[in-house]
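Peer 1: The structure file data.pdb (PDB, C-alpha atoms, pLDDT in the B column) is provided below.
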```pdb
ATOM      1  CA  MET B  22       0.635  -9.121   0.892  1.00 81.00           C
ATOM      2  CA  LEU B  23      -2.102  -9.218  -1.760  1.00 86.00           C
ATOM      3  CA  ASN B  24      -3.942  -5.928  -2.167  1.00 89.00           C
ATOM      4  CA  CYS B  25      -7.053  -5.422  -4.298  1.00 92.00           C
ATOM      5  CA  GLU B  26      -6.908  -1.640  -3.997  1.00 94.00           C
ATOM      6  CA  TRP B  27      -4.247   0.362  -5.819  1.00 96.00           C
ATOM      7  CA  VAL B  28      -1.245   1.477  -3.756  1.00 96.00           C
ATOM      8  CA  GLU B  29       0.700   4.381  -5.278  1.00 96.00           C
ATOM      9  CA  PHE B  30       4.462   3.909  -5.590  1.00 93.00           C
ATOM     10  CA  GLN B  31       7.328   6.049  -6.745  1.00 88.00           C
ATOM     11  CA  ILE B  32      10.030   5.551  -9.382  1.00 83.00           C
ATOM     12  CA  GLU B  33      12.753   8.176  -9.021  1.00 79.00           C
ATOM     13  CA  ASN B  34      10.682  11.381  -9.050  1.00 83.00           C
ATOM     14  CA  GLU B  35       7.552   9.991 -10.719  1.00 88.00           C
ATOM     15  CA  LEU B  36       4.556   8.900  -8.677  1.00 93.00           C
ATOM     16  CA  ILE B  37       2.809   5.935 -10.315  1.00 94.00           C
ATOM     17  CA  THR B  38      -0.933   6.257  -9.855  1.00 97.00           C
ATOM     18  CA  GLN B  39      -3.509   3.741 -11.014  1.00 97.00           C
ATOM     19  CA  ASP B  40      -4.459   5.964 -13.962  1.00 97.00           C
ATOM     20  CA  ARG B  41      -0.802   6.368 -14.998  1.00 95.00           C
ATOM     21  CA  PHE B  42      -0.152   2.621 -14.717  1.00 95.00           C
ATOM     22  CA  GLU B  43      -3.246   1.695 -16.737  1.00 97.00           C
ATOM     23  CA  GLU B  44      -2.192   4.199 -19.393  1.00 96.00           C
ATOM     24  CA  MET B  45       1.341   2.711 -19.513  1.00 92.00           C
ATOM     25  CA  MET B  46       0.071  -0.885 -19.741  1.00 93.00           C
ATOM     26  CA  ASN B  47      -3.019  -0.158 -21.834  1.00 94.00           C
ATOM     27  CA  ASP B  48      -4.975  -2.463 -19.515  1.00 94.00           C
ATOM     28  CA  THR B  49      -7.141  -2.335 -16.359  1.00 94.00           C
ATOM     29  CA  TYR B  50      -5.749  -2.903 -12.868  1.00 95.00           C
ATOM     30  CA  GLN B  51      -7.155  -5.745 -10.718  1.00 93.00           C
ATOM     31  CA  ALA B  52      -4.746  -6.508  -7.827  1.00 93.00           C
ATOM     32  CA  MET B  53      -1.121  -6.289  -6.669  1.00 93.00           C
ATOM     33  CA  MET B  54       1.224  -8.175  -4.371  1.00 91.00           C
ATOM     34  CA  LEU B  55       3.396  -5.907  -2.215  1.00 92.00           C
ATOM     35  CA  ASP B  56       6.733  -6.606  -0.533  1.00 92.00           C
ATOM     36  CA  GLU B  57       7.658  -5.598   3.027  1.00 91.00           C
ATOM     37  CA  ASN B  58       8.385  -2.033   1.811  1.00 89.00           C
ATOM     38  CA  ASN B  59       4.938  -1.664   0.185  1.00 90.00           C
ATOM     39  CA  PHE B  60       6.503  -1.839  -3.280  1.00 91.00           C
ATOM     40  CA  PRO B  61       4.700  -4.008  -5.855  1.00 94.00           C
ATOM     41  CA  GLN B  62       6.214  -7.363  -6.840  1.00 92.00           C
ATOM     42  CA  TYR B  63       3.354  -8.488  -9.093  1.00 93.00           C
ATOM     43  CA  ILE B  64       0.456  -6.547 -10.577  1.00 94.00           C
ATOM     44  CA  TRP B  65      -2.566  -8.282 -12.086  1.00 92.00           C
ATOM     45  CA  THR B  66      -4.505  -6.606 -14.860  1.00 93.00           C
ATOM     46  CA  ALA B  67      -7.464  -7.854 -16.876  1.00 91.00           C
ATOM     47  CA  ASN B  68      -5.161  -9.509 -19.430  1.00 91.00           C
ATOM     48  CA  PHE B  69      -1.698  -9.811 -17.868  1.00 91.00           C
ATOM     49  CA  VAL B  70       0.347 -10.564 -14.794  1.00 91.00           C
ATOM     50  CA  ILE B  71       3.084  -7.923 -14.561  1.00 92.00           C
ATOM     51  CA  ILE B  72       6.334  -8.781 -12.788  1.00 92.00           C
ATOM     52  CA  VAL B  73       7.849  -5.614 -11.325  1.00 91.00           C
ATOM     53  CA  THR B  74      11.661  -5.647 -11.081  1.00 86.00           C
ATOM     54  CA  LYS B  75      13.673  -2.854  -9.422  1.00 81.00           C
ATOM     55  CA  ARG B  76      17.087  -2.101 -10.908  1.00 75.00           C
ATOM     56  CA  PHE B  77      19.776   0.231  -9.645  1.00 72.00           C
ATOM     57  CA  LYS B  78      22.345   1.585 -12.086  1.00 66.00           C
ATOM     58  CA  VAL B  79      23.159   5.262 -12.050  1.00 68.00           C
ATOM     59  CA  LEU B  80      19.478   5.948 -11.498  1.00 66.00           C
ATOM     60  CA  GLU B  81      16.820   3.732  -9.982  1.00 68.00           C
ATOM     61  CA  GLU B  82      14.742   1.999 -12.653  1.00 72.00           C
ATOM     62  CA  ILE B  83      12.014  -0.572 -12.692  1.00 77.00           C
ATOM     63  CA  GLU B  84      11.021  -2.991 -15.398  1.00 79.00           C
ATOM     64  CA  PHE B  85       7.493  -4.150 -16.126  1.00 81.00           C
ATOM     65  CA  LYS B  86       7.256  -7.599 -17.772  1.00 80.00           C
ATOM     66  CA  GLN B  87       3.815  -8.519 -19.071  1.00 77.00           C
ATOM     67  CA  ILE B  88       2.857 -12.195 -18.995  1.00 74.00           C
ATOM     68  CA  PRO B  89      -0.452 -13.103 -20.689  1.00 66.00           C
ATOM     69  CA  ARG B  90      -3.140 -14.589 -18.475  1.00 73.00           C
ATOM     70  CA  ASN B  91      -6.559 -16.133 -19.006  1.00 61.00           C
ATOM     71  CA  PRO B  92      -6.156 -16.984 -22.696  1.00 50.00           C
ATOM     72  CA  ALA B  93      -9.426 -16.976 -24.608  1.00 54.00           C
ATOM     73  CA  CYS B  94      -9.598 -20.346 -26.353  1.00 45.00           C
ATOM     74  CA  GLN B  95     -12.242 -20.686 -29.014  1.00 52.00           C
TER      75      GLN B  95
END
```
Let me see the file written as structure tokens.

Peer 2:
Amino acid sequence: MLNCEWVEFQIENELITQDRFEEMMNDTYQAMMLDENNFPQYIWTANFVIIVTKRFKVLEEIEFKQIPRNPACQ
């Protein structure tokens, strides 16, 4: 489901708010695609598409991969 409003999600004991995410990515949030558990799969920012991958080792982790979008060609 595509959502234009931020939906907070949790990684281990840390709640990821829009402000925290924008600080981590150094970019502005635009939209996110959520899975059936309301966890983000993709997050769009002004300059990137972020693929969100959950990983389980000893602790639960997630990885944010930034893919450039809307290149500015001169």

Peer 1: In Å, rounded to a single decimal, give me how far CA of Phe77 in chain B is from CA of Met46 in chain B.

Peer 2: 22.2 Å

Peer 1: Take the PyMOL selection byres ((chain B and resi 83) around 12), apply it to the structure above, and return the hits as a list in words.

Peer 2: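 Those residues are Phe30, Gln31, Ile32, Glu33, Glu35, Ile37, Phe60, Pro61, Gln62, Ile71, Ile72, Val73, Thr74, Lys75, Arg76, Phe77, Lys78, Leu80, Glu81, Glu82, Glu84, Phe85 and Lys86 of chain B.
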
Peer 1: Nearest to Met53 in chain B: which of B:Leu23, B:Arg41, B:Asn34, B:Val70 is it, counting only C-alpha atoms?

Peer 2: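 Of the candidates, the smallest distance to Met53 in chain B is held by B:Leu23.
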
Peer 1: How many Å separate CA of Asn24 in chain B from CA of Asp40 in chain B?

Peer 2: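 Taking CA of Asn24 in chain B and CA of Asp40 in chain B, their separation equals 16.8 Å.
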
Peer 1: In Å, rounded to a single decimal, give me how far CA of Met22 in chain B is from CA of Thr49 in chain B.

Peer 2: 20.1 Å

Peer 1: Please write out, as JSON, where the centre of an axis-aligned box around all listed atoms of range 42-59 of chain B lies and how long its edges are, in Å to one decimal, after adding 3 Å on each side.

Peer 2:
```
{"center_x": 0.6, "center_y": -2.0, "center_z": -9.4, "size_x": 21.5, "size_y": 18.4, "size_z": 30.9}
```

Peer 1: Taking the file above as input, evaluate the PyMOL selection byres ((chain B and resi 69) around 8) and report the hits as a list in words.

Peer 2: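 When the PyMOL selection byres ((chain B and resi 69) around 8) is applied, the selected residues are Trp65, Thr66, Ala67, Asn68, Val70, Ile71, Gln87, Ile88, Pro89 and Arg90 of chain B.
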
Peer 1: Would you export the selected residues with C-alpha atoms as a PDB file, in the frame of the given file, please?

Peer 2:
```pdb
ATOM      1  CA  TRP B  65      -2.566  -8.282 -12.086  1.00 92.00           C
ATOM      2  CA  THR B  66      -4.505  -6.606 -14.860  1.00 93.00           C
ATOM      3  CA  ALA B  67      -7.464  -7.854 -16.876  1.00 91.00           C
ATOM      4  CA  ASN B  68      -5.161  -9.509 -19.430  1.00 91.00           C
ATOM      5  CA  VAL B  70       0.347 -10.564 -14.794  1.00 91.00           C
ATOM      6  CA  ILE B  71       3.084  -7.923 -14.561  1.00 92.00           C
ATOM      7  CA  GLN B  87       3.815  -8.519 -19.071  1.00 77.00           C
ATOM      8  CA  ILE B  88       2.857 -12.195 -18.995  1.00 74.00           C
ATOM      9  CA  PRO B  89      -0.452 -13.103 -20.689  1.00 66.00           C
ATOM     10  CA  ARG B  90      -3.140 -14.589 -18.475  1.00 73.00           C
TER      11      ARG B  90
END
```

Peer 1: For Gln39 in chain B, find every residue with an atom within 8 Å (counting only C-alpha atoms), except residues of its own chain fewer than 2 positions away, and show them as an mmCIF file with C-alpha atoms, keeping the file's coordinate frame.

Peer 2:
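Output below, filename around-v9.cif:
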```cif
data_model
loop_
_atom_site.group_PDB
_atom_site.id
_atom_site.type_symbol
_atom_site.label_atom_id
_atom_site.label_comp_id
_atom_site.auth_asym_id
_atom_site.auth_seq_id
_atom_site.Cartn_x
_atom_site.Cartn_y
_atom_site.Cartn_z
ATOM 1 C CA TRP B 27 -4.247 0.362 -5.819
ATOM 2 C CA VAL B 28 -1.245 1.477 -3.756
ATOM 3 C CA GLU B 29 0.700 4.381 -5.278
ATOM 4 C CA ILE B 37 2.809 5.935 -10.315
ATOM 5 C CA ARG B 41 -0.802 6.368 -14.998
ATOM 6 C CA PHE B 42 -0.152 2.621 -14.717
ATOM 7 C CA GLU B 43 -3.246 1.695 -16.737
ATOM 8 C CA TYR B 50 -5.749 -2.903 -12.868
#
```

Peer 1: Please identify all polymer residues within 9 Å of Cys25 in chain B, counting only C-alpha atoms, omitting same-chain residues fewer than 5 positions from it, and present them as number ranges by chain.

Peer 2: B: 51-54
